[in-house]
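> Input file: protein_23.cif. Contents: mmCIF, C-alpha atoms.
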data_final
loop_
_atom_site.label_atom_id
_atom_site.label_comp_id
_atom_site.auth_asym_id
_atom_site.auth_seq_id
_atom_site.Cartn_x
_atom_site.Cartn_y
_atom_site.Cartn_z
CA MET A 10 0.00 0.00 0.00
CA ARG A 11 1.49 3.36 -1.04
CA SER A 12 1.74 5.90 1.76
CA ARG A 13 4.41 8.43 0.73
CA GLY A 14 2.97 11.92 0.98
CA LEU A 15 -0.31 10.77 2.48
CA PRO A 16 -1.47 12.12 5.84
CA ALA A 17 -0.61 9.85 8.75
CA ALA A 18 -4.28 9.72 9.70
CA VAL A 19 -5.20 8.22 6.31
CA VAL A 20 -2.55 5.52 6.60
CA ALA A 21 -3.56 4.77 10.20
CA ALA A 22 -7.25 4.49 9.26
CA ALA A 23 -6.52 2.23 6.29
CA ASN A 24 -4.51 -0.14 8.49
CA ASP A 25 -6.71 -0.08 11.60
CA ARG A 26 -7.91 -3.60 12.44
CA GLU A 27 -9.18 -2.90 15.96
CA GLY A 28 -11.26 0.27 15.87
CA GLY A 29 -14.95 0.41 15.08
CA ALA A 30 -16.18 1.73 11.74
CA LEU A 31 -17.04 5.19 13.08
CA GLU A 32 -13.71 5.55 14.83
CA VAL A 33 -11.89 4.59 11.65
CA ALA A 34 -14.08 6.93 9.59
CA ALA A 35 -13.37 9.87 11.91
CA THR A 36 -9.62 9.29 11.65
CA ALA A 37 -9.88 8.90 7.88
CA LEU A 38 -11.87 12.11 7.55
CA ASP A 39 -9.33 14.05 9.57
CA GLY A 40 -6.68 12.85 7.15
CA LEU A 41 -8.72 13.56 4.02
CA LEU A 42 -9.39 17.10 5.20
CA GLU A 43 -5.63 17.69 5.23
CA VAL A 44 -5.46 17.05 1.47
CA ALA A 45 -9.01 18.08 0.48
CA THR A 46 -7.78 20.88 -1.81
CA GLY A 47 -5.28 18.69 -3.69
CA PRO A 48 -7.19 16.52 -6.19
CA ASP A 49 -4.41 14.05 -6.99
CA LEU A 50 -3.36 13.37 -3.41
CA LEU A 51 -6.98 13.29 -2.28
CA GLU A 52 -7.81 10.64 -4.88
CA GLU A 53 -4.80 8.58 -3.84
CA ALA A 54 -5.89 8.83 -0.19
CA VAL A 55 -9.40 7.68 -1.10
CA ALA A 56 -8.04 4.71 -3.03
CA VAL A 57 -5.86 3.67 -0.08
CA LEU A 58 -8.83 3.85 2.29
CA LEU A 59 -11.11 1.85 0.00
CA ALA A 60 -8.45 -0.84 -0.40
CA GLY A 61 -7.59 -0.91 3.30
CA GLN A 62 -11.14 -1.01 4.67
CA PRO A 63 -13.26 -3.00 2.20
CA ALA A 64 -15.90 -3.91 4.80
CA MET A 65 -16.75 -0.46 6.15
CA ALA A 66 -19.73 1.41 4.74
CA PRO A 67 -18.61 4.82 6.07
CA ILE A 68 -15.55 4.69 3.82
CA TRP A 69 -17.86 4.59 0.79
CA HIS A 70 -19.59 7.73 2.06
CA LEU A 71 -16.19 9.38 2.53
CA ALA A 72 -15.23 8.46 -1.02
CA ARG A 73 -18.45 9.93 -2.40
CA ALA A 74 -17.82 13.19 -0.55
CA ALA A 75 -14.19 13.33 -1.68
CA ARG A 76 -15.12 12.71 -5.31
CA GLY A 77 -17.94 15.24 -5.37
CA PRO A 78 -17.88 18.81 -6.75
CA ASP A 79 -16.77 20.44 -3.47
CA PRO A 80 -14.65 17.97 -1.45
CA PRO A 81 -13.56 20.37 1.36
CA SER A 82 -17.13 21.37 2.20
CA ALA A 83 -18.57 17.89 1.81
CA LEU A 84 -15.88 16.25 3.94
CA ALA A 85 -16.14 18.90 6.66
CA ALA A 86 -19.93 18.49 6.81
CA LEU A 87 -19.59 14.72 7.01
CA ARG A 88 -17.04 15.02 9.83
CA ARG A 89 -19.44 17.20 11.84
CA ARG A 90 -22.31 14.77 11.31
CA LEU A 91 -20.29 11.81 12.54
CA ASP A 92 -20.12 13.13 16.08
CA THR A 93 -23.66 14.53 16.15
CA ASP A 94 -25.29 11.41 14.74
CA ALA A 95 -23.27 9.10 16.97
CA GLY A 96 -24.39 10.89 20.13
CA ALA A 97 -28.01 10.81 18.99
CA ALA A 98 -27.81 7.09 18.19
CA VAL A 99 -26.43 6.27 21.63
CA THR A 100 -29.23 8.20 23.36
CA THR A 101 -31.93 6.63 21.18
CA ALA A 102 -30.62 3.08 21.53
CA THR A 103 -30.21 3.39 25.29
CA ALA A 104 -33.85 4.48 25.66
CA TRP A 105 -35.08 1.59 23.46
CA LEU A 106 -33.10 -0.98 25.43
CA ARG A 107 -34.26 0.36 28.77
CA GLY A 108 -37.85 0.13 27.60
CA HIS A 109 -37.35 -3.44 26.42
CA LEU A 110 -35.63 -4.53 29.63
CA ALA A 111 -38.38 -2.99 31.74
CA THR A 112 -40.78 -5.64 30.45
CA ASN A 113 -38.24 -8.35 29.59
CA PRO A 114 -35.66 -8.39 32.41
CA GLY A 115 -32.26 -9.83 31.67
CA THR A 116 -28.75 -8.90 30.73
CA VAL A 117 -27.60 -7.30 27.49
CA ALA A 118 -25.61 -9.49 25.11
CA THR A 119 -23.38 -8.40 22.24
CA VAL A 120 -20.70 -9.65 19.89
CA SER A 121 -19.80 -6.16 18.80
CA HIS A 122 -16.60 -4.14 18.95
CA SER A 123 -18.57 -1.05 17.96
CA SER A 124 -17.75 2.19 19.76
CA LEU A 125 -21.48 3.00 19.68
CA VAL A 126 -22.34 -0.27 21.43
CA SER A 127 -19.68 0.38 24.06
CA ARG A 128 -21.18 3.80 24.75
CA VAL A 129 -24.68 2.36 24.95
CA LEU A 130 -23.62 -0.31 27.43
CA GLN A 131 -21.85 2.31 29.51
CA ALA A 132 -24.98 4.46 29.54
CA LEU A 133 -27.06 1.47 30.63
CA GLY A 134 -24.68 0.71 33.45
CA ASP A 135 -24.65 -2.89 32.28
CA THR A 136 -21.89 -5.22 31.15
CA ALA A 137 -22.50 -7.38 28.11
CA THR A 138 -22.54 -11.08 28.95
CA PRO A 139 -23.75 -14.24 27.23
CA ALA A 140 -25.48 -15.42 30.45
CA ALA A 141 -29.29 -15.26 30.41
CA PRO A 142 -29.59 -12.29 28.08
CA GLY A 143 -32.92 -10.53 27.70
CA VAL A 144 -31.90 -8.55 24.64
CA GLY A 145 -29.00 -8.10 22.26
CA VAL A 146 -27.36 -5.02 20.82
CA VAL A 147 -24.91 -4.86 17.93
CA GLY A 148 -23.34 -2.28 15.70
CA ALA A 149 -23.08 -2.54 11.95
CA ASP A 150 -20.26 -2.26 9.48
CA ALA A 151 -22.87 -1.83 6.77
CA ILE A 152 -26.63 -1.96 6.34
CA GLY A 153 -27.96 -2.77 2.89
CA PRO A 154 -31.48 -3.09 1.52
CA GLU A 155 -31.82 -6.64 2.79
CA GLY A 156 -28.84 -7.41 5.00
CA LEU A 157 -26.64 -6.38 7.88
CA LEU A 158 -22.86 -6.81 7.69
CA ASN A 159 -21.25 -7.26 11.08
CA ALA A 160 -18.81 -9.40 13.07
CA VAL A 161 -19.09 -13.18 12.96
CA GLY A 162 -21.39 -14.26 15.77
CA THR A 163 -24.08 -11.71 15.00
CA ARG A 164 -26.30 -14.26 13.28
CA GLU A 165 -26.18 -16.57 16.30
CA LEU A 166 -27.01 -13.72 18.69
CA VAL A 167 -29.91 -12.49 16.57
CA GLY A 168 -31.27 -16.04 16.56
CA ARG A 169 -31.20 -16.24 20.37
CA VAL A 170 -32.63 -12.91 21.52
CA PRO A 171 -34.36 -9.81 20.12
CA THR A 172 -31.45 -7.71 18.91
CA LEU A 173 -31.20 -3.97 18.32
CA VAL A 174 -28.83 -2.58 15.71
CA VAL A 175 -27.35 0.81 16.63
CA ALA A 176 -25.97 2.79 13.72
CA THR A 177 -25.77 6.14 11.98
CA ALA A 178 -26.71 7.15 8.45
CA VAL A 179 -23.19 6.48 7.12
CA LYS A 180 -23.76 2.77 7.66
CA LEU A 181 -26.54 2.68 5.04
CA VAL A 182 -25.46 1.70 1.54
CA PRO A 183 -27.28 0.57 -1.63
CA ALA A 184 -27.23 -3.03 -2.81
CA VAL A 185 -24.49 -2.52 -5.40
CA VAL A 186 -22.15 -1.26 -2.67
CA PHE A 187 -23.27 -3.71 0.01
CA GLY A 188 -22.41 -6.60 -2.29
CA ARG A 189 -18.78 -5.43 -2.50
CA LEU A 190 -18.27 -5.14 1.24
CA GLY A 191 -17.10 -7.83 3.61
CA GLY A 192 -14.09 -9.94 4.42
CA PRO A 193 -12.69 -12.38 6.97
CA GLY A 194 -14.36 -12.05 10.37
CA PHE A 195 -17.59 -10.63 8.95
CA GLU A 196 -20.94 -12.18 8.12
CA VAL A 197 -24.18 -11.06 6.51
CA VAL A 198 -27.37 -11.38 8.55
CA PRO A 199 -30.84 -10.93 7.03
CA LEU A 200 -32.07 -7.51 8.04
CA GLU A 201 -35.53 -8.88 8.78
CA ALA A 202 -34.03 -11.02 11.57
CA VAL A 203 -33.24 -8.05 13.85
CA ALA A 204 -35.77 -6.37 16.15
CA ALA A 205 -35.14 -2.77 15.11
CA VAL A 206 -32.49 -0.47 13.69
CA VAL A 207 -31.47 2.80 15.33
CA VAL A 208 -30.22 5.37 12.84
CA GLY A 209 -29.32 8.57 14.66
CA THR A 210 -32.43 9.85 16.42
CA GLU A 211 -34.79 7.33 14.81
CA VAL A 212 -35.83 3.78 15.63
CA LEU A 213 -36.60 2.14 12.30
CA SER A 214 -38.18 -1.16 11.42
CA PRO A 215 -35.81 -3.44 9.52
CA ALA A 216 -37.92 -2.90 6.40
CA GLU A 217 -37.69 0.89 6.65
CA ALA A 218 -33.93 0.77 7.23
CA GLY A 219 -33.65 -1.40 4.12
CA ARG A 220 -35.75 1.02 2.07
CA ARG A 221 -33.52 3.91 3.05
CA ALA A 222 -30.42 1.98 2.07
CA ALA A 223 -32.00 1.04 -1.25
CA GLY A 224 -32.81 4.68 -1.95
CA LEU A 225 -29.15 5.74 -2.00
CA SER A 226 -27.29 6.19 -5.26
CA GLY A 227 -24.74 3.45 -5.91
CA GLY A 228 -22.16 5.60 -7.67
CA LEU A 229 -19.01 7.09 -6.19
#
Please express the file's structure as structure tokens.

Amino acid sequence: MRSRGLPAAVVAAANDREGGALEVAATALDGLLEVATGPDLLEEAVAVLLAGQPAMAPIWHLARAARGPDPPSALAALRRRLDTDAGAAVTTATAWLRGHLATNPGTVATVSHSSLVSRVLQALGDTATPAAPGVGVVGADAIGPEGLLNAVGTRELVGRVPTLVVATAVKLVPAVVFGRLGGPGFEVVPLEAVAAVVVGTEVLSPAEAGRRAAGLSGGL
């Protein structure tokens, strides 16, 4: 992977194998903003990110912004939305889970390494455990019209307990993009198998989340 001349944040994001998708996207955006006014270097940075993170939907959104008519403005707006939408998703998901646990007592189970899930669990004051769960919560590397891409183990969890997906709008992608995402350690779960999908401030049915993903343009 070429890195000469690229911002350190771009290289770090492309090679990150531990951070959640939003964490990686935030780092990547910070790097892209450093070269947003240089078309050639910006395009090289985008290519490195797409190659380095083939399973992460937010990287596709970054690429679309970088390849649009006004990359500096589009990337800056996307960077602001990342933090705002993430905070809203945590608040919304926490409220949904509390409501569910009020009538279905139990622990909260997860297989996720998502930063959003970690924040939700912290807000609940609960520690994820596989013992006697009453509900599950997972993040998403991508949400397509019919499927959820996430860490291996998600399908098993969704089959055991009602499971909430907590995400932001940058996780939604159309079918043509969803089909290109994935890799070792990831699996696709039918979207209809989850209980609900939080996207920012909204709690969506799986069908509505799928419709929103399908409504996005597939081009870069």
> Pick the closest to Leu31 (chain A) from A:Val146, A:Leu15, A:Val175, A:Leu133: which is it, counting only C-alpha atoms?
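Of A:Val146, A:Leu15, A:Val175, A:Leu133, the one nearest Leu31 (chain A), counting only C-alpha atoms, is A:Val175.
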> Using only C-alpha atoms, which residue out of A:Leu110, A:Ala149, A:Leu38, A:Val161 lies closest to Arg89 (chain A)?
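The shortest atom-to-atom distance to Arg89 (chain A) comes from A:Leu38.
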> Counting only C-alpha atoms, figure out which residue out of A:Val99, A:Ala218, A:Leu125, A:Ala151 gets nearest to Gly191 (chain A).
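Among A:Val99, A:Ala218, A:Leu125, A:Ala151, it is A:Ala151 that comes nearest to Gly191 (chain A).
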> Which residues, written as a ChimeraX atom specification, have at least one atom at most 8 Å from Ala102 (chain A), with only C-alpha atoms counted and residues fewer than 4 positions away on the same chain left out?
/A:98,106,129,173,175,207,212
> Spell out the residues picked by the PyMOL selection byres ((chain A and resi 145) around 8) here, as a ChimeraX atom specification.
/A:117-119,142-144,146-147,166-167,170-173
> Could you give me region 90-106 of chain A completed to N, CA, C and O atoms, formatted as a CSV table (one decimal), in the frame of the given file?

chain,number,residue,atom,x,y,z
A,90,ARG,N,-21.2,15.7,11.1
A,90,ARG,CA,-22.3,14.8,11.3
A,90,ARG,C,-21.9,13.5,12.0
A,90,ARG,O,-22.8,12.9,12.8
A,91,LEU,N,-20.7,13.0,11.9
A,91,LEU,CA,-20.3,11.8,12.5
A,91,LEU,C,-20.5,11.9,14.0
A,91,LEU,O,-21.1,11.0,14.7
A,92,ASP,N,-20.0,13.0,14.6
A,92,ASP,CA,-20.1,13.1,16.1
A,92,ASP,C,-21.6,13.4,16.5
A,92,ASP,O,-22.0,12.8,17.5
A,93,THR,N,-22.3,14.2,15.8
A,93,THR,CA,-23.7,14.5,16.2
A,93,THR,C,-24.5,13.3,16.1
A,93,THR,O,-25.3,13.0,17.0
A,94,ASP,N,-24.5,12.6,14.9
A,94,ASP,CA,-25.3,11.4,14.7
A,94,ASP,C,-24.9,10.3,15.7
A,94,ASP,O,-25.8,9.5,16.2
A,95,ALA,N,-23.7,10.1,16.0
A,95,ALA,CA,-23.3,9.1,17.0
A,95,ALA,C,-23.9,9.3,18.4
A,95,ALA,O,-24.4,8.4,19.0
A,96,GLY,N,-23.8,10.6,18.8
A,96,GLY,CA,-24.4,10.9,20.1
A,96,GLY,C,-25.9,10.6,20.1
A,96,GLY,O,-26.4,10.1,21.1
A,97,ALA,N,-26.6,11.0,19.1
A,97,ALA,CA,-28.0,10.8,19.0
A,97,ALA,C,-28.3,9.3,19.0
A,97,ALA,O,-29.3,8.9,19.6
A,98,ALA,N,-27.6,8.5,18.3
A,98,ALA,CA,-27.8,7.1,18.2
A,98,ALA,C,-27.6,6.4,19.5
A,98,ALA,O,-28.4,5.5,19.9
A,99,VAL,N,-26.7,6.8,20.3
A,99,VAL,CA,-26.4,6.3,21.6
A,99,VAL,C,-27.6,6.6,22.5
A,99,VAL,O,-28.1,5.7,23.2
A,100,THR,N,-28.1,7.8,22.5
A,100,THR,CA,-29.2,8.2,23.4
A,100,THR,C,-30.5,7.4,23.0
A,100,THR,O,-31.2,6.9,23.8
A,101,THR,N,-30.7,7.3,21.7
A,101,THR,CA,-31.9,6.6,21.2
A,101,THR,C,-31.9,5.1,21.5
A,101,THR,O,-32.9,4.6,22.0
A,102,ALA,N,-30.8,4.5,21.3
A,102,ALA,CA,-30.6,3.1,21.5
A,102,ALA,C,-30.7,2.8,23.0
A,102,ALA,O,-31.4,1.8,23.4
A,103,THR,N,-30.1,3.6,23.8
A,103,THR,CA,-30.2,3.4,25.3
A,103,THR,C,-31.7,3.4,25.8
A,103,THR,O,-32.1,2.6,26.6
A,104,ALA,N,-32.4,4.4,25.3
A,104,ALA,CA,-33.8,4.5,25.7
A,104,ALA,C,-34.6,3.3,25.2
A,104,ALA,O,-35.5,2.7,25.9
A,105,TRP,N,-34.4,2.8,24.0
A,105,TRP,CA,-35.1,1.6,23.5
A,105,TRP,C,-34.8,0.4,24.3
A,105,TRP,O,-35.7,-0.4,24.7
A,106,LEU,N,-33.5,0.2,24.6
A,106,LEU,CA,-33.1,-1.0,25.4
A,106,LEU,C,-33.7,-0.9,26.8
A,106,LEU,O,-34.1,-1.9,27.4
